[in-house]
Amino acid sequence: MALKIVKGSIDRMFDKNLQDLVRGIRNHKEDEAKYISTCIDEIKQELKQDNIAVKANAVCKLTYLQMLGYDVSWAAFNIVEVMSSSKFTYKRIGYLAASQCFHESTDVIMLTTNQIRKDLSSPNQYDTGVALTGLSCFVTPDLARDLANDIMTLMSHTKPYIRKKAVLIMYKVFLKYPESLRPAFPRLKEKLEDPDPGVQSAAVNVICELARRNPKNYLSLAPLFFKLMTSSTNNWVLIKIIKLFGALTPLEPRLGKKLIEPLTNLIHRIYLFFSQILHHLSAITLVCFSWLIAFLFFITVLISLSSGMPNHSASIQLCVQKLRILIEDSDQNLKYLGLLAMSKILKTHPKSVQSHKDLILQCLDDKDESIRLRALDLLYGMVSKKNLMEIVKKLMLHVDKAEGTTYRDELLTKIIDICSQSNYQYITNFEWYISILVELTRLEGTRHGHLIASQMLDVAIRVKAIRVFAVAQMATLLDNAHMLTGNTQRNGICEVLYAAAWICGEFSEHLENPMETLEAMLRPKVATLPGHIQAVYVQNAAKLFATVLKSQEGNTDSTTAQEASQLMIDRLPLFVQSANLEVQERASCILQLVKYIQKLQQKDVEVSEEVCALFAGELNPVAPKAQKKVPIPDGLDLDAWINEPPSESESEDEQPKAIFSKEEPKHSRPRHTEVDEKELARRREARKQEQANNPFYIKASPSSQKVYQETPGVEHIPVVQIDLSVPLKVPGLPMSDQYVKLEEERRQKERAEKKKKDKKKRKEKRSGRGKKHDSGPESEEDITPAHMVDIVTEEMPENALPSDDDERDPADPHKALDIDLDKPLADSEKLPVRSHRAAEVLKSPAEDEEGENVSSLEPKKKSSKEKREKKKDKDKDRKVKMLFESGLSETWERRLISVMLTFIFLFYSFDRKAYDIQGNLQDGSQVVVSVIFENKCDSFLKSMEFNVLDSLNSKLQRPEGSGPHDSLTIPFQLPPGVSNEARFVFTVQSIIMPQKLKGTLTFIVKNEESSTHEKLDFKLHFTCTSYLITTPCYSDAFAKLLESGDLKSSSIRLEGVNMPFHHLLARICFHHHFSVVERIDSCASMYSRSIQGHHVCLLVKISSQTVSVDAKCDEPTLLGNVLDEIKQTFSQC
Amino acid sequence: MQFMLLFSRQGKLRLQKWYVPLSDKEKKKITRELVQTVLARKPKMCSFLEWRDLKIVYKRYASLYFCCATEGQDNELITLEIIHRYVELLDKYFGSVCELDIIFNFEKAYFILDEFLLGGEAQETSKKNVLKAIEQADLLQERVNSVVPVHGPTSTSLSL
C-alpha cells in the first residue's frame, strides 16, 4: 500500500499540471489539435489511476480543454469521482468541472444526488458552498425535487454565507420544480428580514425575479418591500425593489402615490450610484451626465407609477427634452440609454416623444446597429395617419441601403408592424400599402416571405375595396414570378407567390385578363416551387378556369373557353407527376374534371354555371385564436379515441406544413372521374351544406350578415371619390412613391375643399366664432381615408371564452410559477423529505402569512389589498371580525344610495418603542380602523362626517381641541362609483373583552336637482381575536413559556368538526391570528400574542370528529373570549 | 443573467459561465456567433447589443472582452457594473490582473466568479466579503494540500 502511494507520487511528479498544459498549448500553436489529442490521451491514463490527486489534476485540465471547445463528456463519471472526494481541494475542482461540463441530459447527474446531499449537510461551510455553487449550474428537475427540502433547511443555516447561497439557488429550484415554491415561500419571505444584508439582498433578488414574472401573486408583499426600500442601504437591492414596484403598481394604482415621496428622497443616492457606474465607463465627461441617467431611471419608474396621473406631463416633457441632449451626445452608450428611456416614455406619453421624430429618424442613419434598432423600436409608436407614409418611405430607403440581412429583415418586420398595428389604424390608402408590400418582395434573401404573404392575404380579404387593385398587383407578381424564384437562395420570398396565387384565384372576378394569369400560373417553372405553394397554384388555377368559362358564357364563339380547357389539360399533367401528395391529388382531380368539361364543351353544353358553383361562397376572416376559444361542450372528451389508433407499422406520409394561421380551407374535391349532372347537383347541395358548417364561409343566413354591419364605425367612414382611375405604373420609379405624392395632393385638395366649406359656413353664419376651427396644420381627424376602409373584424366563435392568458409561451418556465402564494398549504404539497428524518417541526404557511401583519409598517396598503379580495369572496374571508352591522333600511336600498362602508379592517399600529421604554402597555394600545367608503349610488356625496359614541374603554382619537362628541370630517368627496379609504385611530384601554361601538356617518347627497342630508348608523365590533397578532414562536421558547407556570388554562371541545386537521389549523391561524409552533400527527401547538403582550398558547388535538382545544394564557378573561370566538368560527362552518 | 463570456481580441475564449442549461453544441454555436458579432463592432460603438431575444452587455478591458447576456428587463448599467466589479475583484486577487493570469489560473477566476454571482444573480455586492470567502477557501485548500505528500513546490519546479 505504502509503495503504491509512493509510486503514485513519483508518477505525479512527471505529470503535467494545468499550468504546463496551458503553456504547452501556447507553445504548440501550429499543431494545437495534435498536441491536445496527446494531452487527452495522457489525461485518460491519469484518470485510470487510483490516486485522487492525479485524477483531480486530470479533471482540472479537462475543464480547461472543455472551455477550448473539446468534448469531455466521456469523463463525466470521473468528474463525479473527484466531486465525491473528501478533500476540499479536489471537491472544489470536481464541482467546478461539473458546473462547466454537466447539463440536463448528462446521465451521471443521477448519481450525484446523495453526494450533493452529503456535501450540503457538511459541517464545513465551504464544502456546502461549492456544492451549492455547482448545483446552481446543473440542477435538473430530479435534483431539484430531491434536494429542495435540504436546500430549504439551509436557508436557515447559522452561517450567512450558506444562507445567502441557499436563498439564491432556491430560484433555480423553483424553476425546475415549481411545486416547491409554495412550501418554501414563507421561509423565503422571512429572509427578506434577515439580519445579514447579503442574505437579505439575495432574498430580494429571488423574490423580485419571481414577482417580475407573476406580479399579481406578490402584491401582498408590497408593504414589506416598501419598508425595505426606505431602510435598505444597499443600492443594488434598492434598484431591484424599485423595479419590482414598477411591476406592481399597474396592478395596484394606489401604490404609485405612496411611492413617489420615498422615491424622491432616494434620487440622490441613485444618482451617486449611477455616476459611479458611469465613471467606470471610462469617459470622465460621462459623469456630468450621471444625474441625467439617474433622473431617467427615475422618470421611467415614475411613469410606470403614475400612469393615472395626468399632471406629470409637464415633467415628462422636460425629461424628454433632456433626453434629447443625451441622444444627441457623441457617446454611443448615452445615445443608446437615451433611446431606451425614450421608448419607455413613449408607452405612456406618446405625444411628448412624437415631437422628436427628426432625431429618431436621424438615429436610423447611425453606424451602430444597436442604436438603429432602438430607433426603429421608437418609430413604431410614433406613427400617425399623417406621417405614416413619410416614415415608411424613409424606412424603405433604409431597406435598400442596409447591408446585413439581419438588420434588413428587422426593418422589413418593423415596416409591416408599423403599418399593420392596431388593425391598420394608420393606413389611409391601402393601394399604397399593397404597393409597399409588393416592393418588399424585391428584397433578396429575406426570411420573412411568409410575413409579407400573410399581410397580403389579410389586407385582400379584410379590405374589400382594395381587392380589384390587389388582384391586379398579384397578377403582375405571378407574371413576374421568375424574378422571385430565380435564385434558390431567395427561397424565403417565394412564399408571397402563395398569397398571390390565392388572391388571384379567390377574387378572380376582378381580374382584367384571367386567361393571361391562368397561363402564368401553369408555367412549367412553377413545378420548382415548394409543394404547398404548388398546391395552391393548382387549386386556384381551377378557380381561374371557372372564371374564364363564366366570362365566355353566352359568347357564341367558344374558342377562348376551349383554349382555356386545352391549356389546363396540357399543363396539369406536370403537376399530376408531382412528388408532393397534396399537389398530385389536387391536380389529378382537377385534370379529370377539366377533361369532362371539355367533352361537354365540345357538345356545346353550357357548363360555366356548374363549374363556378364549385367555388361559390365568400370567405370570412377568422381570428387566429378563434379555434382555441371555442368552449368545449359538456360531455365531450377530446382525449378519448374515436377509433382505436392504427397499428404502428402504418407510417403516415409527410404532410405539407401549414404555414399560415389562416390556411386556405380545403374545398370539397371530386373523387370520381366521371361526373354527370345529377351528381354535380348532389355535390353542390353537399357543398352548400358543408359551407354552412364551415367557419370560413359566410353563411347565407341574415344573422351572420348582420355581424358585418355591426362592425363599429365602419359605416361612418366617409367614402371619398378619388380621381385615379388607372393604377399607376411608372417604370423605374417605385410605385409607393407615386402614392405618397398622390396622397399629398389628395389631402391638399381635401383641405382646400374643407376650407371652402368652412368659409361658406362662416359666411352663412356670419359670426366670428368659427375662427377657432381655422387651425393651420391639419389634425389627425381631418385626414379621411382614400378608400372605404372596410376592415372586417375577425370572427370569433359565439360563446368564446374571454381569456388573455394565451399570450404566454407555454414553454416559459415562469408560467409554472404562477402560483397563488396566499392559499394555505395542503399536506400533499409538502416537500418530499427522506423518511428517516423523524422530527417534524412544521412551519405552517399560515404562520408566515400572518406574520406579515406584525411587520407591516404600512398597514393601509395591506388592508386595501385584503379588502379587494374580500369584496370578491365575502364568505371565504371571515378574517374581519369587526363588521358593520349597518342599519341599511329598505328605503336606502330602494334608492340605491348606499354609501356602504364596504369593508372595515382593523390594524394595530402598536407602538413598540413606547412599550419597551415605559413598560406601560395601555398607553401604546392603539387600534387603527381603515374604512373603505364606496359610493354605489349615482349621486355625488360630500361633507361626510364620521362619528362614534365613545365607551369608557375605547375612544376615537379626535384632533386636539375638539370635544369628545365631535365628529371627524372625512377629507374627501365621492363621485358616483368611486371608493376611497379613511383611517381612524382608536385608543383602547383593556383588550380582554370584546366590544361594540355605535356610530353614525352623515353626508350630503347631491344630484342635479337637489341635495339632501342623509345619515347612516353602524356598529363597530372589536373582537378579542382582533387584538391578537400572529407572532412566530420557536418550540423551545414555547416549552419554556408553558413550564413557567404563570399561565391560566382553559379548554373547549368542538364536536362534529368535519375537516382535515391541517385545514383546521390553517383556519385557526387565519381567522384568529395564531401560528403553529409544532405539529405531531393529529396534535399541534399554537401560539399568539395580544397587542398588550399577553401570551396565548393552544394545544389542539383531533380524534375522530372531536377537536379539543386546551389553552393557556396569562389573562383568563381574554382567553375565554378568544376561545368563544374560535368556537363560533367553527360553529359557522 | 444568462451567461458570461470572456474572450480575447483574437476571439479565443478565456472563460465561460452558463447560468442556463444548454447542450454543448448550442453553447458553442452561441459563443461563436456572439464573439464574431462583438469583435466586429468598432471601439466607439455602444456597449449594448440586442441579440436574438437577449440583451448583450459587453466591455473591453485591455485585450479582453467581458460579455454578459441578460434578459430584456434587466438594467443595462447594473450589468455593466457587475462586469466592472468582477474585473475589480480579479484585479484585487491577482494584483493588477492581466490576461495571462486568467489563462493560467482559470480555475481561480471561476472561483471568484462563483463567489460573486450565483445562478446568474449578484450574490455578494461587497468586494471585501467576496475576497474574504475566496481567501478562506484557498487557505483551506492549502491546508489540505500540505497533508498530501509530494505536492507543492517540488512538483512544480520539477516540471519546469
# chains A, B, ... in the order shown; residues from 1 in each chain; ligands from 1
>>> interface_residues(of="chain B", to="chain A", cutoff="8 Å", atoms="only C-alpha atoms", output="ChimeraX atom specification")
/B:13-23,28,44-50,77-78,80-81,84,103-107,110,114,118-119,121-125,137,140-142,144-145,149-150,155,158-159
>>> select_by_dssp(residues="stretch 54-127 of chain B", states="alpha helix (DSSP H)", output="MDAnalysis selection string")
chainID B and resid 76:94 99:104 106:116 127
>>> residues_around(residues="B:Arg9", least_positions_apart="5", cutoff="8 Å", atoms="only C-alpha atoms", output="PDB file with N, CA, C and O atoms, in the first residue's frame")
ATOM      1  N   LEU B  39     -16.786  41.230 -31.762  1.00  0.00           N
ATOM      2  CA  LEU B  39     -15.490  41.651 -32.289  1.00  0.00           C
ATOM      3  C   LEU B  39     -15.652  42.533 -33.522  1.00  0.00           C
ATOM      4  O   LEU B  39     -14.793  43.370 -33.806  1.00  0.00           O
ATOM      5  N   SER B  63      -6.951  43.696 -23.552  1.00  0.00           N
ATOM      6  CA  SER B  63      -7.175  42.835 -24.711  1.00  0.00           C
ATOM      7  C   SER B  63      -8.348  41.881 -24.491  1.00  0.00           C
ATOM      8  O   SER B  63      -8.638  41.054 -25.332  1.00  0.00           O
ATOM      9  N   LEU B  64      -8.990  41.982 -23.335  1.00  0.00           N
ATOM     10  CA  LEU B  64     -10.062  41.033 -23.012  1.00  0.00           C
ATOM     11  C   LEU B  64     -11.438  41.670 -23.122  1.00  0.00           C
ATOM     12  O   LEU B  64     -11.650  42.795 -22.671  1.00  0.00           O
ATOM     13  N   TYR B  65     -12.343  40.920 -23.707  1.00  0.00           N
ATOM     14  CA  TYR B  65     -13.739  41.351 -23.740  1.00  0.00           C
ATOM     15  C   TYR B  65     -14.507  40.606 -22.662  1.00  0.00           C
ATOM     16  O   TYR B  65     -14.405  39.382 -22.564  1.00  0.00           O
TER      17      TYR B  65
END
>>> residues_around(residues="A:Arg1089", least_positions_apart="3", cutoff="7 Å", atoms="only C-alpha atoms", output="list in words")
Leu1028, Ile1029, Thr1030, Thr1031, Gly1093, His1094, His1095 and Val1096 of chain A
